[in-house]
file my_file_10.cif (mmCIF, C-alpha atoms and all ligand atoms)
data_target
#
loop_
_atom_site.label_atom_id
_atom_site.label_comp_id
_atom_site.auth_asym_id
_atom_site.auth_seq_id
_atom_site.Cartn_x
_atom_site.Cartn_y
_atom_site.Cartn_z
CA MET A 3 -29.15 1.98 -25.14
CA SER A 4 -28.46 5.50 -26.24
CA VAL A 5 -25.03 7.04 -26.14
CA VAL A 6 -24.06 8.88 -22.99
CA ARG A 7 -23.00 12.47 -23.61
CA LEU A 8 -19.71 13.14 -21.88
CA PRO A 9 -17.61 15.33 -24.17
CA LEU A 10 -16.29 17.59 -21.41
CA LEU A 11 -14.83 14.78 -19.36
CA ILE A 12 -12.02 14.25 -21.79
CA CYS A 13 -10.20 17.43 -20.88
CA LEU A 14 -11.12 17.84 -17.24
CA THR A 15 -9.46 16.15 -14.36
CA LEU A 16 -11.27 17.61 -11.37
CA ILE A 17 -14.87 18.39 -11.99
CA PRO A 18 -16.41 20.91 -9.61
CA ARG A 19 -19.97 20.34 -10.69
CA PRO A 20 -21.73 17.06 -11.35
CA ALA A 21 -20.43 16.02 -14.77
CA VAL A 22 -23.13 13.52 -15.49
CA ALA A 23 -26.18 15.42 -14.42
CA ALA A 24 -28.72 13.84 -16.71
CA GLN A 25 -28.47 10.33 -18.02
CA ASP A 26 -30.66 8.90 -20.70
CA GLY A 27 -29.65 5.35 -19.93
CA PRO A 28 -27.69 3.26 -17.47
CA ILE A 29 -24.03 4.09 -16.80
CA THR A 30 -21.65 1.15 -16.93
CA ILE A 31 -18.36 1.17 -15.06
CA VAL A 32 -15.81 -1.56 -15.67
CA ALA A 33 -12.91 -2.05 -13.26
CA GLY A 34 -10.04 -4.50 -13.03
CA ARG A 35 -11.21 -5.29 -9.53
CA VAL A 36 -14.48 -4.64 -7.72
CA LEU A 37 -14.76 -4.78 -3.92
CA ASP A 38 -18.32 -4.88 -2.62
CA GLY A 39 -17.64 -3.42 0.86
CA ARG A 40 -18.70 -6.67 2.52
CA GLY A 41 -15.49 -8.57 1.93
CA GLY A 42 -16.33 -9.81 -1.58
CA SER A 43 -14.02 -9.23 -4.52
CA LEU A 44 -14.51 -9.70 -8.26
CA LYS A 45 -12.02 -9.35 -11.07
CA ASN A 46 -12.90 -7.54 -14.28
CA ALA A 47 -16.46 -6.77 -13.34
CA THR A 48 -19.03 -4.13 -14.28
CA VAL A 49 -21.18 -2.00 -12.03
CA VAL A 50 -24.35 -0.79 -13.71
CA VAL A 51 -25.86 2.44 -12.39
CA ASP A 52 -29.25 3.84 -13.24
CA ARG A 53 -30.93 7.00 -11.93
CA GLY A 54 -28.53 7.34 -9.03
CA ARG A 55 -28.81 3.73 -7.86
CA ILE A 56 -26.83 0.57 -8.38
CA LEU A 57 -28.82 -1.54 -10.81
CA ARG A 58 -26.63 -4.65 -10.81
CA ILE A 59 -23.10 -5.95 -10.70
CA GLU A 60 -21.99 -8.13 -13.58
CA PRO A 61 -19.06 -10.51 -13.05
CA ARG A 62 -17.61 -9.63 -16.46
CA PRO A 63 -16.65 -6.49 -18.36
CA VAL A 64 -19.44 -5.25 -20.63
CA GLU A 65 -18.54 -4.04 -24.07
CA ARG A 66 -18.24 -0.32 -24.64
CA PRO A 67 -18.67 0.76 -20.98
CA THR A 68 -19.26 4.37 -20.05
CA PHE A 69 -16.11 4.29 -17.89
CA SER A 70 -13.34 1.75 -17.83
CA PHE A 71 -10.56 1.33 -15.27
CA PRO A 72 -8.69 -1.86 -16.15
CA ASN A 73 -5.93 -1.01 -13.67
CA GLY A 74 -8.25 0.37 -11.05
CA THR A 75 -10.19 -0.97 -8.09
CA LEU A 76 -13.81 0.06 -7.69
CA LEU A 77 -15.28 0.08 -4.19
CA PRO A 78 -18.12 1.73 -2.31
CA GLY A 79 -17.56 5.38 -1.46
CA LEU A 80 -15.58 5.61 1.78
CA ILE A 81 -17.22 6.78 4.99
CA ASP A 82 -15.66 8.87 7.76
CA ALA A 83 -17.59 8.72 11.03
CA HIS A 84 -15.80 11.63 12.65
CA VAL A 85 -14.91 14.87 10.88
CA HIS A 86 -15.23 18.58 11.61
CA LEU A 87 -16.11 20.19 8.29
CA GLY A 88 -16.30 23.62 9.89
CA ALA A 89 -12.65 23.51 11.06
CA TYR A 90 -10.34 25.55 8.86
CA VAL A 91 -7.33 27.85 8.88
CA ASN A 92 -8.27 31.53 8.65
CA GLY A 93 -6.63 34.23 6.54
CA ARG A 94 -4.16 34.98 9.35
CA GLY A 95 -2.77 31.44 9.30
CA ARG A 96 -4.52 30.34 12.51
CA MET A 97 -7.20 27.78 13.20
CA HIS A 98 -10.55 29.52 12.96
CA THR A 99 -12.24 30.26 16.28
CA ASP A 100 -15.62 31.87 16.92
CA ASP A 101 -14.03 35.19 17.92
CA ASP A 102 -11.37 35.50 15.18
CA GLY A 103 -13.35 38.08 13.24
CA ASP A 104 -14.13 35.89 10.22
CA THR A 105 -17.48 36.67 8.67
CA PRO A 106 -20.30 34.10 8.49
CA ALA A 107 -19.73 33.98 4.72
CA GLN A 108 -16.05 33.16 5.16
CA GLN A 109 -16.96 30.41 7.59
CA ALA A 110 -19.62 28.95 5.31
CA LEU A 111 -17.31 29.01 2.29
CA ALA A 112 -14.55 27.28 4.23
CA GLY A 113 -16.97 24.52 5.25
CA ALA A 114 -18.08 24.12 1.63
CA ALA A 115 -14.46 23.85 0.49
CA ASN A 116 -13.74 21.21 3.13
CA ALA A 117 -16.77 19.21 2.06
CA HIS A 118 -15.68 19.35 -1.57
CA ARG A 119 -12.14 18.27 -0.69
CA THR A 120 -13.46 15.37 1.36
CA LEU A 121 -15.67 14.19 -1.49
CA LEU A 122 -12.83 14.36 -4.02
CA ALA A 123 -10.74 12.20 -1.68
CA GLY A 124 -13.31 9.43 -2.10
CA PHE A 125 -15.48 10.01 0.98
CA THR A 126 -19.11 10.02 -0.05
CA THR A 127 -20.56 10.03 3.48
CA VAL A 128 -19.31 11.67 6.68
CA ALA A 129 -20.54 12.37 10.18
CA SER A 130 -19.48 15.89 11.10
CA ILE A 131 -19.73 15.95 14.87
CA GLY A 132 -19.29 19.12 16.79
CA GLY A 133 -20.55 22.24 15.04
CA PRO A 134 -23.97 23.87 14.59
CA GLU A 135 -22.82 25.17 11.18
CA ASP A 136 -22.89 21.63 9.80
CA ARG A 137 -26.65 21.64 9.46
CA ASP A 138 -26.82 24.26 6.71
CA LEU A 139 -23.89 22.61 4.94
CA ARG A 140 -25.59 19.21 5.15
CA ASP A 141 -28.79 20.66 3.75
CA ALA A 142 -27.07 22.54 0.92
CA ILE A 143 -25.22 19.40 -0.17
CA GLY A 144 -28.43 17.40 0.20
CA ARG A 145 -30.15 19.74 -2.23
CA ALA A 146 -27.18 19.19 -4.58
CA ASP A 147 -26.44 22.89 -4.53
CA LEU A 148 -22.92 22.06 -3.38
CA PRO A 149 -20.58 19.17 -4.14
CA GLY A 150 -19.85 17.23 -0.97
CA PRO A 151 -20.38 13.98 0.83
CA ARG A 152 -23.67 13.03 2.42
CA VAL A 153 -23.39 14.70 5.85
CA LEU A 154 -24.80 13.60 9.16
CA THR A 155 -24.40 16.06 12.01
CA SER A 156 -24.63 16.16 15.79
CA LEU A 157 -24.79 19.96 15.83
CA GLU A 158 -23.23 21.24 19.10
CA PRO A 159 -21.79 18.50 21.32
CA ILE A 160 -23.04 18.01 24.87
CA THR A 161 -20.23 18.66 27.32
CA ASP A 162 -21.41 20.42 30.48
CA PRO A 163 -20.97 18.31 33.64
CA ALA A 164 -22.95 20.91 35.62
CA LEU A 165 -26.20 19.87 33.92
CA THR A 166 -28.59 17.53 35.76
CA PRO A 167 -29.80 14.35 34.03
CA ASP A 168 -33.10 16.11 33.29
CA GLN A 169 -31.34 19.08 31.75
CA LEU A 170 -29.19 16.72 29.69
CA ARG A 171 -32.29 14.93 28.39
CA GLN A 172 -33.71 18.29 27.45
CA ALA A 173 -30.46 19.17 25.66
CA VAL A 174 -30.73 15.95 23.63
CA ARG A 175 -34.32 16.68 22.68
CA GLY A 176 -33.38 20.24 21.73
CA ARG A 177 -30.71 19.05 19.33
CA VAL A 178 -32.97 16.47 17.75
CA ALA A 179 -35.65 19.13 17.29
CA ALA A 180 -33.03 21.38 15.68
CA GLY A 181 -32.22 18.68 13.13
CA ALA A 182 -29.34 16.67 14.62
CA ASN A 183 -28.89 13.22 13.08
CA LEU A 184 -26.99 11.99 16.11
CA ILE A 185 -25.85 13.22 19.52
CA LYS A 186 -22.24 13.76 20.51
CA VAL A 187 -21.41 13.73 24.19
CA PHE A 188 -18.10 14.22 25.98
CA ALA A 189 -17.63 11.47 28.55
CA SER A 190 -14.00 12.44 29.13
CA ARG A 191 -11.59 15.33 28.82
CA SER A 192 -9.48 15.87 25.75
CA ILE A 193 -6.33 13.85 25.23
CA ARG A 194 -4.52 17.16 25.76
CA GLU A 195 -5.97 17.29 29.29
CA GLY A 196 -5.44 13.71 30.33
CA GLY A 197 -8.67 12.13 29.04
CA THR A 198 -10.27 11.46 32.43
CA GLN A 199 -14.03 11.03 32.90
CA THR A 200 -16.14 14.18 33.02
CA LEU A 201 -19.85 13.24 33.02
CA SER A 202 -21.05 10.81 35.69
CA ASP A 203 -22.50 7.40 34.90
CA ALA A 204 -26.00 8.77 35.56
CA GLN A 205 -25.43 11.78 33.28
CA LEU A 206 -24.19 9.55 30.47
CA ALA A 207 -27.16 7.24 30.90
CA ALA A 208 -29.45 10.26 30.61
CA VAL A 209 -27.86 11.44 27.35
CA CYS A 210 -27.47 8.10 25.62
CA GLY A 211 -30.85 6.78 26.82
CA GLU A 212 -32.67 9.93 25.71
CA ALA A 213 -30.96 9.83 22.31
CA ARG A 214 -32.19 6.30 21.80
CA SER A 215 -35.77 7.15 22.76
CA ALA A 216 -35.67 10.17 20.46
CA GLY A 217 -34.81 7.82 17.56
CA VAL A 218 -31.18 8.87 17.12
CA PHE A 219 -27.97 7.52 18.63
CA ALA A 220 -25.24 8.98 20.77
CA VAL A 221 -21.49 8.81 20.26
CA ALA A 222 -19.29 9.40 23.28
CA HIS A 223 -15.88 11.02 23.25
CA ALA A 224 -13.97 8.90 25.79
CA HIS A 225 -10.28 8.27 26.40
CA SER A 226 -9.81 6.77 29.86
CA PRO A 227 -10.88 3.17 30.56
CA GLU A 228 -13.32 4.47 33.21
CA SER A 229 -15.03 6.84 30.80
CA ILE A 230 -15.21 4.16 28.09
CA ARG A 231 -16.67 1.67 30.54
CA ALA A 232 -19.22 4.21 31.83
CA ALA A 233 -20.31 5.26 28.32
CA THR A 234 -20.61 1.66 27.19
CA LEU A 235 -22.67 0.64 30.21
CA ALA A 236 -24.81 3.79 29.75
CA GLY A 237 -25.88 2.41 26.37
CA CYS A 238 -24.01 4.90 24.21
CA HIS A 239 -23.98 3.65 20.63
CA GLN A 240 -20.36 4.38 19.78
CA ILE A 241 -17.13 5.31 21.53
CA GLU A 242 -14.82 7.89 19.93
CA HIS A 243 -11.02 7.91 20.32
CA GLY A 244 -10.27 5.58 23.28
CA VAL A 245 -6.53 6.21 23.34
CA PHE A 246 -6.26 4.60 26.80
CA ALA A 247 -8.65 1.71 26.09
CA THR A 248 -7.64 -1.49 27.86
CA THR A 249 -8.22 -5.08 26.75
CA GLU A 250 -10.97 -5.24 29.35
CA VAL A 251 -12.99 -2.28 28.05
CA LEU A 252 -12.48 -3.35 24.44
CA GLY A 253 -13.99 -6.71 25.45
CA LEU A 254 -16.88 -4.92 27.17
CA MET A 255 -17.63 -2.92 24.02
CA ALA A 256 -17.60 -6.10 21.95
CA GLU A 257 -19.93 -7.81 24.41
CA ARG A 258 -22.38 -4.92 24.41
CA GLY A 259 -22.27 -4.40 20.65
CA THR A 260 -20.87 -0.88 21.10
CA TYR A 261 -19.11 0.49 18.04
CA PHE A 262 -15.55 1.70 18.50
CA ASP A 263 -14.11 4.58 16.48
CA PRO A 264 -10.37 4.96 17.17
CA GLN A 265 -7.99 7.17 15.19
CA CYS A 266 -4.66 5.86 13.98
CA ALA A 267 -2.30 8.80 13.41
CA LEU A 268 -3.60 11.44 10.98
CA ILE A 269 -5.25 13.52 13.69
CA PHE A 270 -2.14 13.75 15.86
CA ARG A 271 0.34 14.15 13.02
CA ASN A 272 -1.75 16.92 11.49
CA TYR A 273 -1.75 18.86 14.77
CA LEU A 274 1.97 18.31 15.30
CA ASP A 275 2.97 19.08 11.71
CA ASN A 276 0.88 22.26 11.66
CA ARG A 277 1.54 23.37 15.22
CA LYS A 278 1.67 27.07 14.30
CA TRP A 279 -2.03 27.06 13.37
CA PHE A 280 -3.11 25.73 16.76
CA GLN A 281 -0.45 26.65 19.34
CA GLY A 282 -1.83 28.86 22.13
CA LEU A 283 -5.52 28.18 21.47
CA GLY A 284 -7.28 26.62 24.49
CA ASN A 285 -5.58 23.36 25.44
CA PHE A 286 -3.10 23.51 22.53
CA THR A 287 -0.27 24.19 24.95
CA ASP A 288 3.25 22.73 25.00
CA GLU A 289 1.88 20.14 27.39
CA GLY A 290 -1.04 19.41 25.08
CA PHE A 291 1.27 18.85 22.11
CA ALA A 292 3.50 16.59 24.20
CA ALA A 293 0.41 14.55 25.17
CA MET A 294 -0.49 14.13 21.49
CA GLU A 295 3.04 13.05 20.65
CA ARG A 296 2.82 10.39 23.35
CA ALA A 297 -0.63 9.34 22.10
CA ILE A 298 0.55 8.20 18.64
CA PRO A 299 2.07 4.84 19.68
CA LEU A 300 -0.73 4.31 22.22
CA ALA A 301 -3.42 4.88 19.60
CA ILE A 302 -1.78 2.42 17.22
CA ALA A 303 -1.44 -0.18 19.99
CA VAL A 304 -5.13 0.25 20.88
CA ILE A 305 -6.15 -0.41 17.27
CA ARG A 306 -3.93 -3.47 17.21
CA ASN A 307 -5.61 -4.66 20.39
CA ALA A 308 -9.08 -3.79 19.04
CA ILE A 309 -8.48 -5.85 15.90
CA ALA A 310 -7.59 -8.81 18.12
CA THR A 311 -10.79 -8.42 20.18
CA PRO A 312 -13.37 -10.93 18.93
CA GLY A 313 -16.62 -9.36 17.82
CA LEU A 314 -15.57 -5.73 18.29
CA LYS A 315 -17.07 -3.55 15.57
CA LEU A 316 -14.43 -1.13 14.37
CA VAL A 317 -15.72 2.05 12.75
CA TYR A 318 -13.58 4.32 10.56
CA GLY A 319 -13.31 7.91 11.75
CA THR A 320 -10.38 10.29 11.39
CA ASP A 321 -11.39 13.34 13.45
CA ALA A 322 -10.33 15.44 10.46
CA VAL A 323 -9.93 19.13 11.24
CA ALA A 324 -8.15 21.97 9.40
CA GLY A 325 -5.29 20.48 7.43
CA ALA A 326 -6.68 16.94 7.34
CA HIS A 327 -9.77 17.43 5.14
CA GLY A 328 -9.14 15.51 1.92
CA ARG A 329 -6.50 13.36 3.60
CA ASN A 330 -9.10 11.19 5.33
CA ALA A 331 -7.86 7.98 3.69
CA GLU A 332 -4.43 8.27 5.30
CA ASP A 333 -5.58 6.50 8.45
CA LEU A 334 -6.40 3.43 6.34
CA VAL A 335 -2.75 3.24 5.43
CA CYS A 336 -1.82 3.62 9.11
CA ARG A 337 -4.29 0.93 10.13
CA VAL A 338 -2.77 -1.57 7.73
CA ARG A 339 0.91 -0.65 7.93
CA GLN A 340 1.18 0.40 11.57
CA ALA A 341 -1.66 -1.41 13.34
CA GLY A 342 -1.58 -4.61 11.29
CA GLN A 343 -5.18 -4.64 10.07
CA ARG A 344 -5.82 -6.73 6.95
CA PRO A 345 -6.41 -4.41 3.99
CA MET A 346 -9.80 -5.97 3.23
CA ASP A 347 -10.89 -5.55 6.86
CA ALA A 348 -9.76 -1.92 6.90
CA LEU A 349 -11.78 -1.23 3.73
CA VAL A 350 -14.87 -3.04 5.05
CA SER A 351 -14.53 -0.98 8.23
CA ALA A 352 -14.50 2.26 6.22
CA THR A 353 -17.50 1.21 4.15
CA ARG A 354 -20.09 -1.30 5.40
CA ILE A 355 -19.33 -1.27 9.13
CA THR A 356 -19.27 2.51 9.37
CA ALA A 357 -22.46 2.72 7.28
CA GLU A 358 -24.07 0.33 9.73
CA ALA A 359 -22.82 2.32 12.73
CA LEU A 360 -24.24 5.54 11.25
CA GLY A 361 -27.54 3.88 10.39
CA VAL A 362 -27.17 4.39 6.64
CA SER A 363 -26.31 0.84 5.52
CA ARG A 364 -29.58 0.46 3.65
CA GLU A 365 -28.58 3.45 1.55
CA THR A 366 -24.82 3.26 1.14
CA GLY A 367 -21.61 1.54 2.25
CA SER A 368 -21.69 -1.49 0.00
CA LEU A 369 -22.31 -2.42 -3.60
CA ALA A 370 -25.67 -4.07 -4.02
CA PRO A 371 -28.66 -3.53 -6.29
CA GLY A 372 -30.90 -0.75 -5.04
CA LEU A 373 -28.31 1.07 -2.96
CA ALA A 374 -27.22 4.60 -3.80
CA ALA A 375 -24.53 4.69 -6.48
CA ASP A 376 -21.86 5.97 -4.11
CA LEU A 377 -18.67 4.53 -5.50
CA ILE A 378 -15.07 5.32 -6.14
CA VAL A 379 -12.16 3.95 -8.14
CA VAL A 380 -8.58 3.99 -6.91
CA ALA A 381 -5.54 3.41 -9.13
CA GLY A 382 -4.01 0.03 -8.38
CA ASN A 383 -5.06 -2.64 -5.93
CA PRO A 384 -5.43 -1.58 -2.27
CA LEU A 385 -5.40 -5.23 -1.18
CA ASP A 386 -1.77 -5.43 -2.35
CA ASP A 387 -0.78 -1.85 -1.56
CA ILE A 388 -3.13 0.01 0.76
CA SER A 389 -1.68 3.38 -0.26
CA ALA A 390 -3.81 3.02 -3.42
CA VAL A 391 -6.60 4.62 -1.34
CA ASN A 392 -4.67 7.87 -1.65
CA ARG A 393 -4.89 7.64 -5.45
CA VAL A 394 -8.59 8.22 -6.05
CA VAL A 395 -9.32 8.61 -9.77
CA PHE A 396 -13.11 8.50 -9.85
CA VAL A 397 -15.82 9.58 -7.44
CA MET A 398 -19.54 9.09 -7.95
CA ARG A 399 -22.12 10.00 -5.36
CA ALA A 400 -25.77 9.13 -5.91
CA GLY A 401 -25.00 8.54 -9.57
CA GLN A 402 -23.32 11.91 -10.14
CA VAL A 403 -19.68 11.94 -11.19
CA TYR A 404 -17.64 14.46 -9.22
CA ARG A 405 -14.17 13.29 -10.12
CA HIS A 406 -12.75 11.50 -13.10
CA ASP A 407 -9.04 11.53 -13.66
CA PRO A 408 -8.35 9.59 -16.84
CA THR A 409 -4.60 10.15 -16.69
CA LEU A 410 -4.29 7.94 -13.63
CA ALA A 411 -7.04 5.53 -14.47
CA GLY A 412 -5.32 3.20 -16.85
CA ASN A 413 -6.73 2.68 -20.29
CA ARG A 414 -9.79 4.53 -21.23
CA THR A 415 -12.49 3.23 -23.49
CA LEU A 416 -15.04 5.97 -23.33
CA GLN A 417 -17.19 5.75 -26.44
ZN ZN A 501 -13.53 15.38 16.97
#
call {"tool": "encode", "arguments": {"input": "my_file_10.cif", "output": "structure tokens"}}
result
Amino acid sequence: MSVVRLPLLICLTLIPRPAVAAQDGPITIVAGRVLDGRGGSLKNATVVVDRGRILRIEPRPVERPTFSFPNGTLLPGLIDAHVHLGAYVNGRGRMHTDDDGDTPAQQALAGAANAHRTLLAGFTTVASIGGPEDRDLRDAIGRADLPGPRVLTSLEPITDPALTPDQLRQAVRGRVAAGANLIKVFASRSIREGGTQTLSDAQLAAVCGEARSAGVFAVAHAHSPESIRAATLAGCHQIEHGVFATTEVLGLMAERGTYFDPQCALIFRNYLDNRKWFQGLGNFTDEGFAAMERAIPLAIAVIRNAIATPGLKLVYGTDAVAGAHGRNAEDLVCRVRQAGQRPMDALVSATRITAEALGVSRETGSLAPGLAADLIVVAGNPLDDISAVNRVVFVMRAGQVYRHDPTLAGNRTLQ
């Protein structure tokens, strides 16, 4: 095996461009602990990567590895099923809106920065659900012109209750034709407006059924038990949020195989902590903020209840907007410390289960030969202390290294 050329890595901590663009042999990464994303764990193991793919996992450290993290834990790149990469704070210190005067270039650059931040935080795949601008960002990252996670997008969500089932089906087909990877539909109002059902059962069936026949899947924003029940029975693939989910509707989702994507606290805390960016825009009223404050304990209780629901498939999605990009792992800490999820289960949720929900599990989300080399290393052991997920020291996506922070990584044995 020839020597890998990595002289620049020694002095760089954050690497904006792929640092290992061309390899003339396999890359070997040794870590004190390796989690495979499916619940398996190995100590002192080696992941071998070749041409962007995982070649094999060896249950022992190889000699003279390309990268070594004796005090680190290697796991599949994390996946966030619900982000808004186009959401950012403009130059006037306010959340960007379509009419705030920002130029298309400013908007595109902000999206690129959010994608980069998200990748550096260890998220190698995201679903960005709610903005037409995500398509160009997805494609630019896909061409490796920009550093970012693999992006799936819904383009514009479907929200209008005035549309007939036929018009809704047409709206689904239009989005798929325009390049949407999935469909996002609003089955309920926002949490800031009470979360009650908006589209009828028949309208939801039209959207989610048409998505399925068009070869994509639909995720439904739903808070109230009625809207969750309706979206589940309509065959929607995944339910977002569900702050008012009852034991009964959680059981129904489990029975129907519907994925559930609740948020723990990051979304609400970010809005409340950065109130000045949002206050006065649309439903970001005093009442809206009070509703979000009340939602925090409810959301945590729902996750607790969801974990106790046999067979319910729990996806990991943060609903990251301006201020939360790059902090996506914080909800893992909340899930474990506040909602009582086992650390291994929380990590499997944010890797394999979310990959499965997004239809990308044959490409990413676990460590197995042939899958994309999407992997990260965190300092410490997240099974003992989940906050290790906030200490990402290494990020590789499709075999390219985007982050390598040797100062936090423990001993280094780069040859
Ligand atoms: Zn959202």
call {"tool": "residues_near_ligand", "arguments": {"input": "my_file_10.cif", "ligand": "ligand ZN 501 (chain A)", "cutoff": "7 Å", "atoms": "only C-alpha atoms and all ligand atoms", "output": "PyMOL selection string"}}
result
chain A and resi 84-86+131-132+321
call {"tool": "closest_residue", "arguments": {"input": "my_file_10.cif", "among": "A:Leu377, A:Val91, A:Leu165, A:Leu154", "to": "Val394 (chain A)", "atoms": "all atoms listed in the file"}}
result
A:Leu377
call {"tool": "closest_residue", "arguments": {"input": "my_file_10.cif", "among": "A:Ser156, A:Thr126, A:Gln172, A:Ser368", "to": "Ile59 (chain A)", "atoms": "all atoms listed in the file"}}
result
A:Ser368
call {"tool": "atom_distance", "arguments": {"input": "my_file_10.cif", "atom1": "CA of Asp162 (chain A)", "atom2": "CA of Ala267 (chain A)"}}
result
28.1 Å
call {"tool": "closest_residue", "arguments": {"input": "my_file_10.cif", "among": "A:Ile241, A:Val362, A:Val391, A:Ile302", "to": "Phe270 (chain A)", "atoms": "all atoms listed in the file"}}
result
A:Ile302
call {"tool": "closest_residue", "arguments": {"input": "my_file_10.cif", "among": "A:Leu139, A:Ala213, A:Val221, A:Ala374", "to": "Val187 (chain A)", "atoms": "all atoms listed in the file"}}
result
A:Val221
call {"tool": "closest_residue", "arguments": {"input": "my_file_10.cif", "among": "A:Leu157, A:Arg393, A:Arg96, A:Asn383", "to": "Ser43 (chain A)", "atoms": "all atoms listed in the file"}}
result
A:Asn383
call {"tool": "atom_distance", "arguments": {"input": "my_file_10.cif", "atom1": "CA of Glu365 (chain A)", "atom2": "CA of Val323 (chain A)"}}
result
26.2 Å
call {"tool": "residues_around", "arguments": {"input": "my_file_10.cif", "residues": "region 25-36 of chain A", "least_positions_apart": "3", "cutoff": "6 Å", "atoms": "all atoms listed in the file", "output": "VMD selection string"}}
result
chain A and resid 43 to 52 63 67 to 77
call {"tool": "residues_around", "arguments": {"input": "my_file_10.cif", "residues": "Pro151 (chain A)", "least_positions_apart": "3", "cutoff": "12 Å", "atoms": "only C-alpha atoms", "output": "compact mmCIF listing (two decimals) with C-alpha atoms, in the frame of the given file"}}
result
# COMPACT_ATOMS: atom_id res chain seq x y z
CA GLY A 79 -17.56 5.38 -1.46
CA LEU A 80 -15.58 5.61 1.78
CA ILE A 81 -17.22 6.78 4.99
CA ASP A 82 -15.66 8.87 7.76
CA ALA A 83 -17.59 8.72 11.03
CA VAL A 85 -14.91 14.87 10.88
CA LEU A 87 -16.11 20.19 8.29
CA GLY A 113 -16.97 24.52 5.25
CA ALA A 114 -18.08 24.12 1.63
CA ALA A 115 -14.46 23.85 0.49
CA ASN A 116 -13.74 21.21 3.13
CA ALA A 117 -16.77 19.21 2.06
CA HIS A 118 -15.68 19.35 -1.57
CA ARG A 119 -12.14 18.27 -0.69
CA THR A 120 -13.46 15.37 1.36
CA LEU A 121 -15.67 14.19 -1.49
CA LEU A 122 -12.83 14.36 -4.02
CA ALA A 123 -10.74 12.20 -1.68
CA GLY A 124 -13.31 9.43 -2.10
CA PHE A 125 -15.48 10.01 0.98
CA THR A 126 -19.11 10.02 -0.05
CA THR A 127 -20.56 10.03 3.48
CA VAL A 128 -19.31 11.67 6.68
CA ALA A 129 -20.54 12.37 10.18
CA SER A 130 -19.48 15.89 11.10
CA LEU A 139 -23.89 22.61 4.94
CA ARG A 140 -25.59 19.21 5.15
CA ASP A 141 -28.79 20.66 3.75
CA ALA A 142 -27.07 22.54 0.92
CA ILE A 143 -25.22 19.40 -0.17
CA GLY A 144 -28.43 17.40 0.20
CA ARG A 145 -30.15 19.74 -2.23
CA ALA A 146 -27.18 19.19 -4.58
CA LEU A 148 -22.92 22.06 -3.38
CA LEU A 154 -24.80 13.60 9.16
CA HIS A 327 -9.77 17.43 5.14
CA GLY A 328 -9.14 15.51 1.92
CA THR A 366 -24.82 3.26 1.14
CA ASP A 376 -21.86 5.97 -4.11
CA LEU A 377 -18.67 4.53 -5.50
CA VAL A 397 -15.82 9.58 -7.44
CA MET A 398 -19.54 9.09 -7.95
CA ARG A 399 -22.12 10.00 -5.36
CA ALA A 400 -25.77 9.13 -5.91
CA GLN A 402 -23.32 11.91 -10.14
CA TYR A 404 -17.64 14.46 -9.22
call {"tool": "atom_distance", "arguments": {"input": "my_file_10.cif", "atom1": "CA of Leu235 (chain A)", "atom2": "CA of Leu360 (chain A)"}}
result
19.6 Å
call {"tool": "residues_around", "arguments": {"input": "my_file_10.cif", "residues": "Ile160 (chain A)", "least_positions_apart": "5", "cutoff": "10 Å", "atoms": "only C-alpha atoms", "output": "list of chain:residue names"}}
result
A:Gly132, A:Leu165, A:Leu170, A:Ala173, A:Val174, A:Arg177, A:Ile185, A:Lys186, A:Val187, A:Phe188, A:Ala189, A:Leu201, A:Val209, A:Ala222
